[in-house]
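File shown: target01.tsv. Contents: TSV, C-alpha atoms and all ligand atoms.
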```tsv
chain	number	residue	atom	x	y	z
Y	1	LEU	CA	28.39	23.87	-27.90
Y	2	LYS	CA	26.19	21.89	-30.26
Y	3	LEU	CA	22.57	22.71	-31.11
Y	4	THR	CA	20.36	19.97	-32.53
Y	5	VAL	CA	17.08	21.22	-33.93
Y	6	LEU	CA	14.20	18.85	-33.19
Y	7	GLY	CA	11.55	21.10	-34.70
Y	8	TRP	CA	11.10	24.57	-36.11
Y	9	THR	CA	7.46	25.14	-37.09
Y	10	SER	CA	5.14	27.58	-35.37
Y	11	GLY	CA	1.38	27.20	-34.83
Y	12	ILE	CA	1.07	23.71	-36.29
Y	13	SER	CA	3.63	21.01	-37.02
Y	14	GLY	CA	4.36	20.42	-40.69
Y	15	PRO	CA	5.19	17.57	-43.06
Y	16	THR	CA	8.91	18.11	-42.61
Y	17	SER	CA	9.14	19.28	-39.02
Y	18	PRO	CA	7.67	19.14	-35.51
Y	19	GLN	CA	6.95	22.31	-33.58
Y	20	ALA	CA	9.57	24.07	-31.44
Y	21	GLY	CA	12.16	21.85	-29.76
Y	22	TYR	CA	15.94	21.98	-29.40
Y	23	MET	CA	18.70	19.97	-27.78
Y	24	LEU	CA	21.82	21.80	-26.62
Y	25	GLN	CA	24.98	19.88	-25.73
Y	26	THR	CA	28.53	20.17	-24.57
Y	27	ASP	CA	30.82	17.19	-23.94
Y	28	GLU	CA	29.34	16.82	-20.47
Y	29	THR	CA	25.87	18.39	-20.54
Y	30	THR	CA	22.66	17.92	-22.54
Y	31	LEU	CA	19.59	20.06	-22.08
Y	32	LEU	CA	16.26	20.29	-23.89
Y	33	PHE	CA	14.57	23.60	-24.50
Y	34	GLU	CA	11.01	23.89	-25.79
Y	35	CYS	CA	8.85	20.79	-26.28
Y	36	GLY	CA	6.13	21.31	-28.92
Y	37	ALA	CA	4.15	18.70	-30.85
Y	38	GLY	CA	6.27	16.01	-32.49
Y	39	VAL	CA	9.43	16.85	-30.59
Y	40	VAL	CA	9.52	13.60	-28.62
Y	41	ALA	CA	9.26	11.53	-31.82
Y	42	GLU	CA	12.10	13.47	-33.47
Y	43	LEU	CA	14.17	13.35	-30.29
Y	44	GLN	CA	14.17	9.55	-30.27
Y	45	LYS	CA	15.76	9.39	-33.74
Y	46	GLN	CA	19.02	10.70	-32.31
Y	47	PHE	CA	18.77	10.61	-28.53
Y	48	GLU	CA	17.55	8.40	-25.72
Y	49	MET	CA	14.68	9.67	-23.57
Y	50	THR	CA	17.12	9.57	-20.67
Y	51	ASP	CA	19.81	11.65	-22.37
Y	52	PHE	CA	18.92	15.15	-21.20
Y	53	GLU	CA	19.37	16.36	-17.66
Y	54	ALA	CA	17.21	19.49	-17.66
Y	55	MET	CA	14.48	21.26	-19.60
Y	56	LEU	CA	13.77	24.94	-20.22
Y	57	ILE	CA	10.41	26.25	-21.38
Y	58	SER	CA	10.22	29.84	-22.60
Y	59	HIS	CA	6.45	30.32	-22.38
Y	60	LEU	CA	3.22	28.38	-22.14
Y	61	HIS	CA	1.77	28.57	-25.64
Y	62	ALA	CA	0.79	25.08	-26.84
Y	63	ASP	CA	3.36	24.96	-29.66
Y	64	HIS	CA	6.13	25.03	-27.03
Y	65	ILE	CA	4.71	22.56	-24.48
Y	66	VAL	CA	2.38	19.96	-26.05
Y	67	ASP	CA	4.88	17.11	-25.86
Y	68	VAL	CA	5.59	17.74	-22.20
Y	69	MET	CA	2.61	15.38	-21.76
Y	70	GLU	CA	4.69	12.59	-23.28
Y	71	LEU	CA	7.59	13.29	-20.95
Y	72	VAL	CA	5.19	12.83	-18.03
Y	73	VAL	CA	4.15	9.40	-19.27
Y	74	HIS	CA	7.70	8.26	-19.90
Y	75	ARG	CA	9.12	9.49	-16.62
Y	76	ARG	CA	6.19	8.22	-14.56
Y	77	TYR	CA	5.75	4.74	-16.08
Y	78	ASN	CA	8.95	3.63	-17.81
Y	79	PRO	CA	10.78	1.35	-15.34
Y	80	ILE	CA	14.17	2.62	-16.45
Y	81	TRP	CA	13.75	5.53	-14.07
Y	82	ASP	CA	13.87	3.11	-11.12
Y	83	GLU	CA	17.39	2.03	-12.02
Y	84	PRO	CA	20.47	3.41	-10.28
Y	85	GLY	CA	21.96	6.47	-11.90
Y	86	TYR	CA	18.67	7.73	-13.36
Y	87	GLU	CA	16.97	10.81	-11.91
Y	88	ARG	CA	13.23	10.63	-12.54
Y	89	ARG	CA	12.52	14.24	-11.58
Y	90	LEU	CA	13.64	16.45	-14.43
Y	91	PRO	CA	14.84	19.91	-13.40
Y	92	THR	CA	12.43	22.10	-15.36
Y	93	TRP	CA	12.87	25.86	-15.63
Y	94	ALA	CA	9.68	27.56	-16.81
Y	95	PRO	CA	7.40	30.56	-16.12
Y	96	ALA	CA	5.64	30.62	-12.76
Y	97	GLU	CA	2.33	29.26	-14.01
Y	98	ALA	CA	3.86	26.17	-15.64
Y	99	PRO	CA	3.18	23.65	-12.84
Y	100	GLU	CA	-0.50	24.57	-12.74
Y	101	ARG	CA	-1.06	24.87	-16.49
Y	102	LEU	CA	0.75	21.62	-17.30
Y	103	ALA	CA	-1.12	19.75	-14.57
Y	104	TYR	CA	-4.41	20.99	-16.03
Y	105	ALA	CA	-3.33	19.81	-19.47
Y	106	TYR	CA	-2.33	16.35	-18.24
Y	107	ALA	CA	-5.19	15.61	-15.84
Y	108	PRO	CA	-8.13	13.99	-17.70
Y	109	THR	CA	-10.83	15.18	-15.29
Y	110	ALA	CA	-11.41	17.96	-12.78
Y	111	ALA	CA	-11.26	15.40	-9.98
Y	112	ALA	CA	-7.93	14.07	-11.25
Y	113	ARG	CA	-6.59	17.60	-11.42
Y	114	GLU	CA	-7.07	17.96	-7.68
Y	115	THR	CA	-4.39	15.38	-7.01
Y	116	GLU	CA	-2.20	15.88	-10.09
Y	117	SER	CA	0.88	18.02	-9.51
Y	118	LEU	CA	3.49	16.46	-11.83
Y	119	THR	CA	6.05	16.98	-9.08
Y	120	ASP	CA	6.94	13.27	-9.16
Y	121	VAL	CA	8.40	13.77	-12.65
Y	122	PHE	CA	9.39	17.45	-12.75
Y	123	ASP	CA	11.38	19.57	-10.36
Y	124	PHE	CA	9.88	22.94	-11.30
Y	125	ARG	CA	11.94	26.11	-10.98
Y	126	THR	CA	10.53	29.51	-11.86
Y	127	ILE	CA	12.23	31.79	-14.38
Y	128	GLU	CA	11.85	35.54	-14.61
Y	129	ASP	CA	13.66	38.38	-16.36
Y	130	GLY	CA	17.30	38.31	-15.29
Y	131	THR	CA	17.31	34.75	-13.93
Y	132	LYS	CA	20.76	33.21	-14.26
Y	133	LEU	CA	20.95	29.45	-14.07
Y	134	THR	CA	23.49	26.74	-14.71
Y	135	VAL	CA	23.00	23.25	-16.13
Y	136	GLY	CA	26.27	21.33	-15.97
Y	137	ASP	CA	28.77	23.51	-17.81
Y	138	ILE	CA	26.12	25.54	-19.67
Y	139	GLU	CA	25.21	28.95	-18.25
Y	140	VAL	CA	21.86	30.45	-19.14
Y	141	GLU	CA	20.66	34.02	-18.86
Y	142	VAL	CA	16.88	34.41	-19.01
Y	143	ILE	CA	15.69	37.61	-20.71
Y	144	ALA	CA	12.08	38.80	-20.99
Y	145	VAL	CA	10.83	39.40	-24.53
Y	146	GLN	CA	7.69	41.03	-25.86
Y	147	HIS	CA	5.08	38.43	-26.75
Y	148	SER	CA	1.31	38.14	-26.29
Y	149	ILE	CA	1.90	36.41	-22.93
Y	150	GLU	CA	4.74	36.18	-20.39
Y	151	CYS	CA	7.71	34.92	-22.42
Y	152	TYR	CA	11.49	34.67	-22.14
Y	153	GLY	CA	14.39	34.25	-24.54
Y	154	PHE	CA	17.62	32.56	-23.50
Y	155	ARG	CA	21.30	33.32	-23.84
Y	156	PHE	CA	23.33	30.13	-23.47
Y	157	THR	CA	27.08	30.25	-22.87
Y	158	ALA	CA	29.64	27.45	-22.64
Y	159	GLY	CA	33.33	27.28	-23.43
Y	160	GLY	CA	33.36	30.91	-24.51
Y	161	ARG	CA	30.64	30.39	-27.15
Y	162	THR	CA	27.19	31.95	-27.06
Y	163	LEU	CA	23.84	30.91	-28.50
Y	164	GLY	CA	21.04	33.46	-28.32
Y	165	PHE	CA	17.46	32.17	-28.64
Y	166	SER	CA	14.71	34.71	-29.28
Y	167	SER	CA	11.78	32.46	-28.36
Y	168	ASP	CA	8.55	34.15	-29.57
Y	169	THR	CA	8.78	37.91	-29.65
Y	170	GLY	CA	8.10	41.15	-31.41
Y	171	PRO	CA	10.90	43.68	-31.80
Y	172	CYS	CA	12.07	44.73	-28.29
Y	173	ASP	CA	15.13	45.54	-26.17
Y	174	GLY	CA	15.14	42.01	-24.77
Y	175	VAL	CA	15.67	40.32	-28.11
Y	176	MET	CA	18.45	42.79	-28.97
Y	177	LYS	CA	20.18	41.81	-25.75
Y	178	ILE	CA	19.79	38.12	-26.59
Y	179	ALA	CA	21.27	38.57	-30.07
Y	180	ARG	CA	24.15	40.89	-29.05
Y	181	ASP	CA	27.43	39.53	-30.54
Y	182	ALA	CA	26.05	35.96	-30.34
Y	183	ASP	CA	27.98	33.27	-32.21
Y	184	ILE	CA	24.61	31.98	-33.32
Y	185	PHE	CA	21.35	33.89	-33.00
Y	186	LEU	CA	18.48	31.39	-33.25
Y	187	CYS	CA	15.64	33.68	-34.14
Y	188	GLU	CA	11.96	33.30	-34.82
Y	189	ALA	CA	10.43	34.68	-38.01
Y	190	THR	CA	6.80	33.71	-37.99
Y	191	TRP	CA	5.46	35.97	-40.70
Y	192	ASN	CA	6.40	38.11	-43.67
Y	193	GLN	CA	6.64	41.88	-43.55
Y	194	SER	CA	2.91	42.40	-44.15
Y	195	ARG	CA	2.38	41.72	-40.41
Y	196	GLU	CA	5.11	43.64	-38.67
Y	197	ALA	CA	5.24	45.31	-35.24
Y	198	SER	CA	3.31	42.52	-33.53
Y	199	SER	CA	3.98	39.74	-31.03
Y	200	HIS	CA	6.11	37.89	-33.60
Y	201	LEU	CA	8.88	38.87	-35.99
Y	202	SER	CA	8.83	39.03	-39.76
Y	203	GLY	CA	11.84	37.79	-41.68
Y	204	ARG	CA	12.84	41.39	-42.24
Y	205	GLU	CA	12.57	42.31	-38.56
Y	206	ALA	CA	14.61	39.25	-37.59
Y	207	GLY	CA	17.32	40.23	-40.06
Y	208	ARG	CA	17.42	43.81	-38.80
Y	209	ILE	CA	17.80	42.69	-35.19
Y	210	ALA	CA	20.61	40.26	-36.06
Y	211	LYS	CA	22.44	42.96	-37.97
Y	212	GLU	CA	22.02	45.71	-35.40
Y	213	ALA	CA	23.03	43.38	-32.56
Y	214	GLY	CA	26.13	42.16	-34.37
Y	215	ALA	CA	25.13	38.48	-34.33
Y	216	LYS	CA	27.81	36.47	-36.11
Y	217	ARG	CA	25.43	33.96	-37.67
Y	218	MET	CA	21.66	33.70	-37.78
Y	219	LEU	CA	19.47	30.62	-37.84
Y	220	LEU	CA	15.81	31.23	-38.63
Y	221	THR	CA	13.16	29.17	-36.86
Y	222	HIS	CA	9.48	29.22	-35.80
Y	223	ILE	CA	8.26	29.86	-39.34
Y	224	GLU	CA	4.61	29.01	-39.90
Y	225	SER	CA	4.52	25.78	-41.88
Y	226	TRP	CA	1.98	27.03	-44.43
Y	227	VAL	CA	3.64	30.31	-45.39
Y	228	ASP	CA	6.12	30.95	-48.20
Y	229	GLN	CA	9.40	29.90	-46.60
Y	230	ASP	CA	11.55	31.43	-49.32
Y	231	GLU	CA	9.91	34.82	-48.93
Y	232	ILE	CA	10.64	34.99	-45.20
Y	233	ILE	CA	14.18	33.65	-45.60
Y	234	GLY	CA	14.76	36.19	-48.39
Y	235	GLU	CA	13.52	39.05	-46.19
Y	236	ALA	CA	15.87	38.04	-43.40
Y	237	ARG	CA	18.82	37.56	-45.71
Y	238	GLY	CA	18.28	40.97	-47.27
Y	239	ALA	CA	18.06	42.78	-43.95
Y	240	TYR	CA	20.89	40.90	-42.23
Y	241	GLY	CA	23.57	40.52	-44.88
Y	242	GLY	CA	25.49	37.89	-42.87
Y	243	GLU	CA	25.65	34.10	-42.88
Y	244	MET	CA	22.19	32.66	-42.31
Y	245	GLU	CA	19.81	29.84	-43.12
Y	246	ARG	CA	16.54	28.34	-41.95
Y	247	VAL	CA	17.07	25.39	-39.62
Y	248	GLU	CA	16.12	21.82	-40.55
Y	249	ALA	CA	14.60	19.26	-38.17
Y	250	GLY	CA	17.16	16.67	-37.15
Y	251	ARG	CA	20.15	18.77	-38.11
Y	252	ALA	CA	22.94	19.78	-35.75
Y	253	TYR	CA	24.70	23.15	-35.73
Y	254	GLU	CA	28.05	23.81	-34.13
Y	255	VAL	CA	27.90	27.06	-32.17
X	301	ZN	ZN	5.43	29.69	-30.71
X	302	ZN	ZN	4.12	31.97	-28.45
```
Just give me the structure of the file as structure tokens.
Ligand SMILES: [Zn+2]
Ligand SMILES: [Zn+2]
Amino acid sequence: LKLTVLGWTSGISGPTSPQAGYMLQTDETTLLFECGAGVVAELQKQFEMTDFEAMLISHLHADHIVDVMELVVHRRYNPIWDEPGYERRLPTWAPAEAPERLAYAYAPTAAARETESLTDVFDFRTIEDGTKLTVGDIEVEVIAVQHSIECYGFRFTAGGRTLGFSSDTGPCDGVMKIARDADIFLCEATWNQSREASSHLSGREAGRIAKEAGAKRMLLTHIESWVDQDEIIGEARGAYGGEMERVEAGRAYEV
């Protein structure tokens, strides 16, 4: 199971990274999860636009979905999708409101919105707490987390290895479940400890969760691009005590 980080920033993209976006692969399966600003540009440095066979979206905040607009354009207008062996409609697992919200974002006028459904390019499937889905040989458990809006983390399993992804969350039972004994716990740490007990984690809270859940390795992500990176990484390292680092855009991690 190989994780390639396409972007790790939070509210805005930064000079060294796009917003949230990740590619997860086995020998036979490639899936994209999260698709924030800049992700499509980074994706094309290492992958083809036709390389992934499904997409998962954890929640509908802009930093996780902005570049979905670019996927619409590519899948609707690039002639490659007419060729044999290419499936234009991307299986897309997302919260229930995704089809409507994304159609509103893409349609340029109210009149256009009336006929825009995006169903020519996406095969939408609704996720909720406890949803279990399979993409190729990757199994995914969807677990609700505590954010300012409906939001889910993911637990990916393939070949006996497990990647837990917190998505955006405050401390909660869901994120503990996601991190439990994971080979890699990919965890958000948006802020430092001056803003704890909110809809995001501090570095310290992320480290505590990873430790308590017995995660074997932690990768920090979703750090605001303008905050002191070293401070947040240091908080997490201090609270966790295990092997950890902040992810880098374009880098791959073997789970
Ligand atoms: Zn976010
Ligand atoms: Zn969010």
Expected answer as number ranges by chain: residues within 12 Å of ligand ZN 301 (chain X), all atoms listed in the file: Y: 7-13, 18-21, 34-37, 57-66, 147-149, 151-153, 166-170, 187-191, 199-201, 221-225
Separation of atom CA of Y:Thr162 from atom CA of Y:Ile127, in Å and rounded to one decimal: 19.6 Å
Nearest residue to Y:Leu71 from the set Y:Ala249, Y:Met49, Y:Ile178, Y:Ala96 (distances using only C-alpha atoms): Y:Met49
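What separates atom CA of Y:Gly242 from atom CA of Y:Arg217 is a distance of 6.5 Å.
Between ligand ZN 302 (chain X) and the candidates Y:Asp228, Y:Glu212, Y:Glu139, Y:Ser198, the tightest atom-to-atom separation, counting all atoms listed in the file, involves Y:Ser198.
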